[in-house]
Amino acid sequence: YLGADTPETVHPDKPVECYGPEASAANRTLVEGKRVQLETDISDRDKYGRLLRYVSVDGQDVSATLIREGYAYVYSRKPDVARLKTYAALERAAKEQRVGLWADCHK
């Protein structure tokens, strides 16, 4: 997803990171079995050939939800920064409120 990065759970060279399983479960709840809407920013794909998209379900921005609820960090990748200010504000609020990974992983 554009704009968000969740802790690792399946990387072949890295251990499962703090709050990774919780983030994966939250993402599944948001999108699994649902019709998603994809929106582009500037870039179409990353260097690995993966689609770069903002993902929404029923008008709900999934990255924003994951960041606001403390399941994801903001991840900015120029030139795809249309929602960076919004996401950064959500992350600041999650940090201040010590929500999710900000409570459990950043003590």
# chains A, B, ... in the order shown; residues from 1 in each chain; ligands from 1
call {"tool": "select_by_dssp", "arguments": {"residues": "chain A", "states": "alpha helix (DSSP H)", "output": "JSON, numbers by chain"}}
result
{"A": [20, 21, 22, 23, 24, 25, 26, 27, 28, 29, 30, 31, 62, 63, 64, 65, 66, 67, 68, 84, 85, 86, 87, 88, 89, 90, 91, 92, 93, 94, 95, 96, 97, 101, 102, 103, 104]}
call {"tool": "residues_around", "arguments": {"residues": "Tyr71 (chain A)", "least_positions_apart": "4", "cutoff": "8 Å", "atoms": "only C-alpha atoms", "output": "count of residues only"}}
result
11
call {"tool": "residues_around", "arguments": {"residues": "Arg92 (chain A)", "least_positions_apart": "3", "cutoff": "12 Å", "atoms": "only C-alpha atoms", "output": "CSV table (one decimal) with N, CA and C atoms, in the first residue's frame"}}
result
chain,number,residue,atom,x,y,z
A,67,ILE,N,-2.5,3.2,10.0
A,67,ILE,CA,-1.6,4.2,10.7
A,67,ILE,C,-2.3,4.8,11.9
A,68,ARG,N,-3.5,5.2,11.8
A,68,ARG,CA,-4.2,5.8,12.9
A,68,ARG,C,-4.4,4.9,14.1
A,69,GLU,N,-4.6,3.6,13.8
A,69,GLU,CA,-4.8,2.6,14.8
A,69,GLU,C,-3.5,2.0,15.4
A,70,GLY,N,-2.4,2.5,14.9
A,70,GLY,CA,-1.1,2.0,15.4
A,70,GLY,C,-0.6,0.7,14.8
A,72,ALA,N,0.7,0.5,11.6
A,72,ALA,CA,1.6,0.8,10.5
A,72,ALA,C,2.3,2.1,10.8
A,73,TYR,N,3.5,2.2,10.1
A,73,TYR,CA,4.2,3.5,10.1
A,73,TYR,C,4.0,4.2,8.8
A,74,VAL,N,4.2,5.5,8.8
A,74,VAL,CA,4.1,6.2,7.5
A,74,VAL,C,5.4,5.8,6.7
A,85,LYS,N,1.1,14.3,4.2
A,85,LYS,CA,0.8,15.1,5.3
A,85,LYS,C,-0.3,14.6,6.2
A,86,THR,N,-1.3,14.0,5.5
A,86,THR,CA,-2.4,13.4,6.3
A,86,THR,C,-1.9,12.2,7.1
A,87,TYR,N,-1.2,11.3,6.4
A,87,TYR,CA,-0.7,10.2,7.1
A,87,TYR,C,0.3,10.5,8.2
A,88,ALA,N,1.1,11.5,8.0
A,88,ALA,CA,2.1,12.0,9.1
A,88,ALA,C,1.3,12.5,10.3
A,89,ALA,N,0.2,13.2,10.1
A,89,ALA,CA,-0.6,13.7,11.2
A,89,ALA,C,-1.2,12.6,11.9
A,95,LYS,N,1.3,8.1,17.9
A,95,LYS,CA,2.4,8.1,18.8
A,95,LYS,C,2.0,8.8,20.1
A,96,GLU,N,1.4,10.0,20.0
A,96,GLU,CA,1.1,10.8,21.2
A,96,GLU,C,0.1,10.0,22.1
A,97,GLN,N,-0.8,9.2,21.5
A,97,GLN,CA,-1.8,8.5,22.3
A,97,GLN,C,-1.3,7.1,22.6
A,98,ARG,N,-0.1,6.8,22.2
A,98,ARG,CA,0.6,5.5,22.4
A,98,ARG,C,-0.4,4.3,22.1
A,99,VAL,N,-0.8,4.4,20.8
A,99,VAL,CA,-1.8,3.4,20.3
A,99,VAL,C,-1.0,2.3,19.5
A,102,TRP,N,2.9,1.8,18.9
A,102,TRP,CA,3.5,2.9,19.7
A,102,TRP,C,3.5,2.6,21.2
call {"tool": "atom_distance", "arguments": {"atom1": "CA of His106 (chain A)", "atom2": "CA of Cys18 (chain A)"}}
result
9.4 Å
call {"tool": "atom_distance", "arguments": {"atom1": "CA of Glu32 (chain A)", "atom2": "CA of Val57 (chain A)"}}
result
10.1 Å
call {"tool": "atom_distance", "arguments": {"atom1": "CA of Asp80 (chain A)", "atom2": "CA of Gly49 (chain A)"}}
result
15.5 Å
call {"tool": "closest_residue", "arguments": {"among": "A:Ser56, A:Asp13, A:Ala93, A:Ala82", "to": "Ser43 (chain A)", "atoms": "only C-alpha atoms"}}
result
A:Ala82
call {"tool": "residues_around", "arguments": {"residues": "Asp58 (chain A)", "least_positions_apart": "3", "cutoff": "10 Å", "atoms": "only C-alpha atoms", "output": "PyMOL selection string"}}
result
chain A and resi 34-37+61-62
call {"tool": "write_last_selection", "arguments": {"atoms": "N, CA, C and O atoms", "output": "compact mmCIF listing (two decimals), in the first residue's frame"}}
result
# COMPACT_ATOMS: atom_id res chain seq x y z
N LYS A 34 -13.26 -8.61 0.70
CA LYS A 34 -14.00 -7.39 0.38
C LYS A 34 -13.56 -6.84 -0.97
O LYS A 34 -12.45 -7.10 -1.42
N ARG A 35 -14.41 -6.07 -1.59
CA ARG A 35 -14.06 -5.40 -2.83
C ARG A 35 -13.25 -4.15 -2.48
O ARG A 35 -13.70 -3.32 -1.69
N VAL A 36 -12.04 -4.08 -3.01
CA VAL A 36 -11.17 -2.94 -2.74
C VAL A 36 -11.13 -2.00 -3.94
O VAL A 36 -11.31 -2.43 -5.08
N GLN A 37 -10.91 -0.74 -3.66
CA GLN A 37 -10.71 0.26 -4.70
C GLN A 37 -9.23 0.64 -4.66
O GLN A 37 -8.66 0.83 -3.59
N ASP A 61 -9.94 4.62 3.66
CA ASP A 61 -8.53 4.51 3.27
C ASP A 61 -7.85 3.53 4.23
O ASP A 61 -7.71 3.81 5.42
N VAL A 62 -7.43 2.39 3.70
CA VAL A 62 -6.86 1.34 4.53
C VAL A 62 -5.55 1.77 5.17
O VAL A 62 -5.32 1.53 6.36
call {"tool": "select_by_dssp", "arguments": {"residues": "chain A", "states": "strand (DSSP E or B)", "output": "VMD selection string"}}
result
chain A and resid 3 to 5 37 to 39 45 51 54 to 57 60 to 61 73 to 75 77 80
call {"tool": "write_last_selection", "arguments": {"atoms": "N, CA and C atoms", "output": "PDB file, in the first residue's frame"}}
result
ATOM      1  N   GLY A   3       2.091   4.714   1.130  1.00  0.00           N
ATOM      2  CA  GLY A   3       2.007   5.540   2.321  1.00  0.00           C
ATOM      3  C   GLY A   3       2.144   4.841   3.648  1.00  0.00           C
ATOM      4  N   ALA A   4       2.091   3.512   3.666  1.00  0.00           N
ATOM      5  CA  ALA A   4       2.143   2.804   4.947  1.00  0.00           C
ATOM      6  C   ALA A   4       3.068   1.598   4.868  1.00  0.00           C
ATOM      7  N   ASP A   5       3.662   1.289   5.996  1.00  0.00           N
ATOM      8  CA  ASP A   5       4.527   0.122   6.114  1.00  0.00           C
ATOM      9  C   ASP A   5       4.210  -0.550   7.441  1.00  0.00           C
ATOM     10  N   GLN A  37     -10.914  -0.737  -3.657  1.00  0.00           N
ATOM     11  CA  GLN A  37     -10.709   0.256  -4.697  1.00  0.00           C
ATOM     12  C   GLN A  37      -9.231   0.641  -4.661  1.00  0.00           C
ATOM     13  N   LEU A  38      -8.625   0.723  -5.831  1.00  0.00           N
ATOM     14  CA  LEU A  38      -7.209   1.061  -5.947  1.00  0.00           C
ATOM     15  C   LEU A  38      -7.074   2.408  -6.630  1.00  0.00           C
ATOM     16  N   GLU A  39      -6.191   3.233  -6.081  1.00  0.00           N
ATOM     17  CA  GLU A  39      -5.959   4.559  -6.642  1.00  0.00           C
ATOM     18  C   GLU A  39      -4.454   4.777  -6.797  1.00  0.00           C
ATOM     19  N   ARG A  45       4.550   1.175 -10.546  1.00  0.00           N
ATOM     20  CA  ARG A  45       5.134   0.005  -9.890  1.00  0.00           C
ATOM     21  C   ARG A  45       6.450   0.369  -9.207  1.00  0.00           C
ATOM     22  N   LEU A  51       2.542  -3.407  -7.813  1.00  0.00           N
ATOM     23  CA  LEU A  51       1.684  -2.247  -8.014  1.00  0.00           C
ATOM     24  C   LEU A  51       1.790  -1.323  -6.814  1.00  0.00           C
ATOM     25  N   TYR A  54      -2.995   3.318  -3.464  1.00  0.00           N
ATOM     26  CA  TYR A  54      -3.747   3.573  -2.246  1.00  0.00           C
ATOM     27  C   TYR A  54      -4.911   2.595  -2.296  1.00  0.00           C
ATOM     28  N   VAL A  55      -5.234   1.980  -1.177  1.00  0.00           N
ATOM     29  CA  VAL A  55      -6.277   0.966  -1.119  1.00  0.00           C
ATOM     30  C   VAL A  55      -7.402   1.457  -0.210  1.00  0.00           C
ATOM     31  N   SER A  56      -8.623   1.347  -0.704  1.00  0.00           N
ATOM     32  CA  SER A  56      -9.795   1.723   0.082  1.00  0.00           C
ATOM     33  C   SER A  56     -10.820   0.605   0.026  1.00  0.00           C
ATOM     34  N   VAL A  57     -11.618   0.518   1.078  1.00  0.00           N
ATOM     35  CA  VAL A  57     -12.759  -0.394   1.140  1.00  0.00           C
ATOM     36  C   VAL A  57     -13.951   0.437   1.601  1.00  0.00           C
ATOM     37  N   GLN A  60     -13.170   3.806   2.812  1.00  0.00           N
ATOM     38  CA  GLN A  60     -12.235   3.904   3.944  1.00  0.00           C
ATOM     39  C   GLN A  60     -10.818   3.654   3.459  1.00  0.00           C
ATOM     40  N   ASP A  61      -9.940   4.616   3.658  1.00  0.00           N
ATOM     41  CA  ASP A  61      -8.535   4.513   3.271  1.00  0.00           C
ATOM     42  C   ASP A  61      -7.848   3.530   4.226  1.00  0.00           C
ATOM     43  N   TYR A  73       3.455   2.225  10.149  1.00  0.00           N
ATOM     44  CA  TYR A  73       4.232   3.454  10.121  1.00  0.00           C
ATOM     45  C   TYR A  73       3.956   4.164   8.799  1.00  0.00           C
ATOM     46  N   VAL A  74       4.181   5.461   8.793  1.00  0.00           N
ATOM     47  CA  VAL A  74       4.140   6.186   7.526  1.00  0.00           C
ATOM     48  C   VAL A  74       5.363   5.780   6.723  1.00  0.00           C
ATOM     49  N   TYR A  75       5.165   5.542   5.455  1.00  0.00           N
ATOM     50  CA  TYR A  75       6.270   5.229   4.551  1.00  0.00           C
ATOM     51  C   TYR A  75       6.127   6.129   3.332  1.00  0.00           C
ATOM     52  N   ARG A  77       7.588   7.582  -0.202  1.00  0.00           N
ATOM     53  CA  ARG A  77       8.442   7.190  -1.311  1.00  0.00           C
ATOM     54  C   ARG A  77       8.175   8.165  -2.450  1.00  0.00           C
ATOM     55  N   ASP A  80       5.571   9.597  -4.815  1.00  0.00           N
ATOM     56  CA  ASP A  80       4.215   9.228  -4.414  1.00  0.00           C
ATOM     57  C   ASP A  80       3.898   9.727  -3.007  1.00  0.00           C
TER      58      ASP A  80
END
call {"tool": "decode", "arguments": {"residues": "region 70-85 of chain A", "atoms": "all heavy atoms", "output": "PDB file, in the first residue's frame"}}
result
ATOM      1  N   GLY A  70      -2.357   2.466  14.857  1.00  0.00           N
ATOM      2  CA  GLY A  70      -1.070   2.003  15.360  1.00  0.00           C
ATOM      3  C   GLY A  70      -0.611   0.662  14.842  1.00  0.00           C
ATOM      4  O   GLY A  70       0.195  -0.021  15.471  1.00  0.00           O
ATOM      5  N   TYR A  71      -1.085   0.282  13.662  1.00  0.00           N
ATOM      6  CA  TYR A  71      -0.646  -0.969  13.046  1.00  0.00           C
ATOM      7  C   TYR A  71       0.418  -0.751  11.978  1.00  0.00           C
ATOM      8  O   TYR A  71       0.982  -1.722  11.476  1.00  0.00           O
ATOM      9  CB  TYR A  71      -1.832  -1.696  12.400  1.00  0.00           C
ATOM     10  CG  TYR A  71      -2.836  -2.197  13.392  1.00  0.00           C
ATOM     11  CD1 TYR A  71      -4.091  -1.607  13.487  1.00  0.00           C
ATOM     12  CD2 TYR A  71      -2.535  -3.254  14.241  1.00  0.00           C
ATOM     13  CE1 TYR A  71      -5.028  -2.071  14.398  1.00  0.00           C
ATOM     14  CE2 TYR A  71      -3.457  -3.713  15.163  1.00  0.00           C
ATOM     15  CZ  TYR A  71      -4.702  -3.119  15.232  1.00  0.00           C
ATOM     16  OH  TYR A  71      -5.623  -3.577  16.142  1.00  0.00           O
ATOM     17  N   ALA A  72       0.660   0.502  11.604  1.00  0.00           N
ATOM     18  CA  ALA A  72       1.598   0.788  10.517  1.00  0.00           C
ATOM     19  C   ALA A  72       2.311   2.114  10.767  1.00  0.00           C
ATOM     20  O   ALA A  72       1.816   2.976  11.489  1.00  0.00           O
ATOM     21  CB  ALA A  72       0.857   0.850   9.179  1.00  0.00           C
ATOM     22  N   TYR A  73       3.455   2.225  10.149  1.00  0.00           N
ATOM     23  CA  TYR A  73       4.232   3.454  10.121  1.00  0.00           C
ATOM     24  C   TYR A  73       3.956   4.164   8.799  1.00  0.00           C
ATOM     25  O   TYR A  73       3.613   3.524   7.811  1.00  0.00           O
ATOM     26  CB  TYR A  73       5.739   3.141  10.141  1.00  0.00           C
ATOM     27  CG  TYR A  73       6.207   2.294  11.284  1.00  0.00           C
ATOM     28  CD1 TYR A  73       6.314   0.917  11.161  1.00  0.00           C
ATOM     29  CD2 TYR A  73       6.563   2.876  12.483  1.00  0.00           C
ATOM     30  CE1 TYR A  73       6.767   0.133  12.208  1.00  0.00           C
ATOM     31  CE2 TYR A  73       7.024   2.112  13.542  1.00  0.00           C
ATOM     32  CZ  TYR A  73       7.125   0.741  13.399  1.00  0.00           C
ATOM     33  OH  TYR A  73       7.564  -0.025  14.447  1.00  0.00           O
ATOM     34  N   VAL A  74       4.181   5.461   8.793  1.00  0.00           N
ATOM     35  CA  VAL A  74       4.140   6.186   7.526  1.00  0.00           C
ATOM     36  C   VAL A  74       5.363   5.780   6.723  1.00  0.00           C
ATOM     37  O   VAL A  74       6.475   5.675   7.262  1.00  0.00           O
ATOM     38  CB  VAL A  74       4.162   7.715   7.752  1.00  0.00           C
ATOM     39  CG1 VAL A  74       4.324   8.460   6.440  1.00  0.00           C
ATOM     40  CG2 VAL A  74       2.898   8.157   8.464  1.00  0.00           C
ATOM     41  N   TYR A  75       5.165   5.542   5.455  1.00  0.00           N
ATOM     42  CA  TYR A  75       6.270   5.229   4.551  1.00  0.00           C
ATOM     43  C   TYR A  75       6.127   6.129   3.332  1.00  0.00           C
ATOM     44  O   TYR A  75       5.176   5.977   2.569  1.00  0.00           O
ATOM     45  CB  TYR A  75       6.231   3.757   4.133  1.00  0.00           C
ATOM     46  CG  TYR A  75       7.317   3.407   3.148  1.00  0.00           C
ATOM     47  CD1 TYR A  75       8.639   3.283   3.561  1.00  0.00           C
ATOM     48  CD2 TYR A  75       7.033   3.222   1.800  1.00  0.00           C
ATOM     49  CE1 TYR A  75       9.640   2.962   2.668  1.00  0.00           C
ATOM     50  CE2 TYR A  75       8.034   2.910   0.897  1.00  0.00           C
ATOM     51  CZ  TYR A  75       9.331   2.785   1.338  1.00  0.00           C
ATOM     52  OH  TYR A  75      10.331   2.477   0.443  1.00  0.00           O
ATOM     53  N   SER A  76       7.040   7.062   3.200  1.00  0.00           N
ATOM     54  CA  SER A  76       6.967   7.950   2.041  1.00  0.00           C
ATOM     55  C   SER A  76       8.012   7.543   1.016  1.00  0.00           C
ATOM     56  O   SER A  76       9.133   7.190   1.362  1.00  0.00           O
ATOM     57  CB  SER A  76       7.164   9.403   2.451  1.00  0.00           C
ATOM     58  OG  SER A  76       8.461   9.615   2.933  1.00  0.00           O
ATOM     59  N   ARG A  77       7.588   7.582  -0.202  1.00  0.00           N
ATOM     60  CA  ARG A  77       8.442   7.190  -1.311  1.00  0.00           C
ATOM     61  C   ARG A  77       8.175   8.165  -2.450  1.00  0.00           C
ATOM     62  O   ARG A  77       7.120   8.109  -3.066  1.00  0.00           O
ATOM     63  CB  ARG A  77       8.083   5.759  -1.730  1.00  0.00           C
ATOM     64  CG  ARG A  77       8.883   5.225  -2.862  1.00  0.00           C
ATOM     65  CD  ARG A  77       8.288   3.883  -3.298  1.00  0.00           C
ATOM     66  NE  ARG A  77       8.867   3.456  -4.528  1.00  0.00           N
ATOM     67  CZ  ARG A  77       8.560   3.933  -5.728  1.00  0.00           C
ATOM     68  NH1 ARG A  77       7.656   4.863  -5.852  1.00  0.00           N
ATOM     69  NH2 ARG A  77       9.146   3.475  -6.801  1.00  0.00           N
ATOM     70  N   LYS A  78       9.099   9.119  -2.615  1.00  0.00           N
ATOM     71  CA  LYS A  78       8.923  10.090  -3.690  1.00  0.00           C
ATOM     72  C   LYS A  78       8.916   9.378  -5.025  1.00  0.00           C
ATOM     73  O   LYS A  78       9.640   8.413  -5.187  1.00  0.00           O
ATOM     74  CB  LYS A  78      10.035  11.135  -3.646  1.00  0.00           C
ATOM     75  CG  LYS A  78       9.905  12.050  -2.457  1.00  0.00           C
ATOM     76  CD  LYS A  78      10.970  13.113  -2.477  1.00  0.00           C
ATOM     77  CE  LYS A  78      10.815  14.013  -1.276  1.00  0.00           C
ATOM     78  NZ  LYS A  78      11.788  15.079  -1.251  1.00  0.00           N
ATOM     79  N   PRO A  79       8.086   9.792  -5.927  1.00  0.00           N
ATOM     80  CA  PRO A  79       7.252  10.994  -5.930  1.00  0.00           C
ATOM     81  C   PRO A  79       5.838  10.757  -5.412  1.00  0.00           C
ATOM     82  O   PRO A  79       4.987  11.628  -5.507  1.00  0.00           O
ATOM     83  CB  PRO A  79       7.212  11.346  -7.409  1.00  0.00           C
ATOM     84  CG  PRO A  79       7.194  10.019  -8.092  1.00  0.00           C
ATOM     85  CD  PRO A  79       8.093   9.137  -7.246  1.00  0.00           C
ATOM     86  N   ASP A  80       5.571   9.597  -4.815  1.00  0.00           N
ATOM     87  CA  ASP A  80       4.215   9.228  -4.414  1.00  0.00           C
ATOM     88  C   ASP A  80       3.898   9.727  -3.007  1.00  0.00           C
ATOM     89  O   ASP A  80       3.881   8.954  -2.049  1.00  0.00           O
ATOM     90  CB  ASP A  80       4.048   7.708  -4.496  1.00  0.00           C
ATOM     91  CG  ASP A  80       4.379   7.192  -5.881  1.00  0.00           C
ATOM     92  OD1 ASP A  80       3.694   7.605  -6.827  1.00  0.00           O
ATOM     93  OD2 ASP A  80       5.334   6.402  -6.016  1.00  0.00           O
ATOM     94  N   VAL A  81       3.633  11.013  -2.885  1.00  0.00           N
ATOM     95  CA  VAL A  81       3.472  11.624  -1.568  1.00  0.00           C
ATOM     96  C   VAL A  81       2.176  12.432  -1.429  1.00  0.00           C
ATOM     97  O   VAL A  81       2.069  13.274  -0.535  1.00  0.00           O
ATOM     98  CB  VAL A  81       4.693  12.507  -1.226  1.00  0.00           C
ATOM     99  CG1 VAL A  81       5.953  11.669  -1.094  1.00  0.00           C
ATOM    100  CG2 VAL A  81       4.884  13.606  -2.256  1.00  0.00           C
ATOM    101  N   ALA A  82       1.184  12.158  -2.233  1.00  0.00           N
ATOM    102  CA  ALA A  82      -0.055  12.942  -2.209  1.00  0.00           C
ATOM    103  C   ALA A  82      -0.721  12.947  -0.829  1.00  0.00           C
ATOM    104  O   ALA A  82      -1.323  13.938  -0.436  1.00  0.00           O
ATOM    105  CB  ALA A  82      -1.028  12.427  -3.262  1.00  0.00           C
ATOM    106  N   ARG A  83      -0.616  11.861  -0.093  1.00  0.00           N
ATOM    107  CA  ARG A  83      -1.298  11.758   1.203  1.00  0.00           C
ATOM    108  C   ARG A  83      -0.337  11.825   2.389  1.00  0.00           C
ATOM    109  O   ARG A  83      -0.730  11.558   3.532  1.00  0.00           O
ATOM    110  CB  ARG A  83      -2.118  10.474   1.260  1.00  0.00           C
ATOM    111  CG  ARG A  83      -3.178  10.438   0.171  1.00  0.00           C
ATOM    112  CD  ARG A  83      -4.062   9.235   0.280  1.00  0.00           C
ATOM    113  NE  ARG A  83      -4.963   9.173  -0.873  1.00  0.00           N
ATOM    114  CZ  ARG A  83      -5.845   8.226  -1.079  1.00  0.00           C
ATOM    115  NH1 ARG A  83      -5.972   7.250  -0.203  1.00  0.00           N
ATOM    116  NH2 ARG A  83      -6.618   8.242  -2.141  1.00  0.00           N
ATOM    117  N   LEU A  84       0.916  12.183   2.131  1.00  0.00           N
ATOM    118  CA  LEU A  84       1.940  12.164   3.177  1.00  0.00           C
ATOM    119  C   LEU A  84       1.581  13.035   4.370  1.00  0.00           C
ATOM    120  O   LEU A  84       1.715  12.597   5.519  1.00  0.00           O
ATOM    121  CB  LEU A  84       3.295  12.577   2.600  1.00  0.00           C
ATOM    122  CG  LEU A  84       4.454  12.640   3.594  1.00  0.00           C
ATOM    123  CD1 LEU A  84       4.663  11.284   4.271  1.00  0.00           C
ATOM    124  CD2 LEU A  84       5.718  13.086   2.893  1.00  0.00           C
ATOM    125  N   LYS A  85       1.123  14.251   4.161  1.00  0.00           N
ATOM    126  CA  LYS A  85       0.807  15.140   5.294  1.00  0.00           C
ATOM    127  C   LYS A  85      -0.313  14.558   6.152  1.00  0.00           C
ATOM    128  O   LYS A  85      -0.242  14.580   7.378  1.00  0.00           O
ATOM    129  CB  LYS A  85       0.433  16.535   4.793  1.00  0.00           C
ATOM    130  CG  LYS A  85       1.615  17.312   4.279  1.00  0.00           C
ATOM    131  CD  LYS A  85       1.216  18.698   3.831  1.00  0.00           C
ATOM    132  CE  LYS A  85       2.418  19.427   3.247  1.00  0.00           C
ATOM    133  NZ  LYS A  85       2.054  20.765   2.779  1.00  0.00           N
TER     134      LYS A  85
END
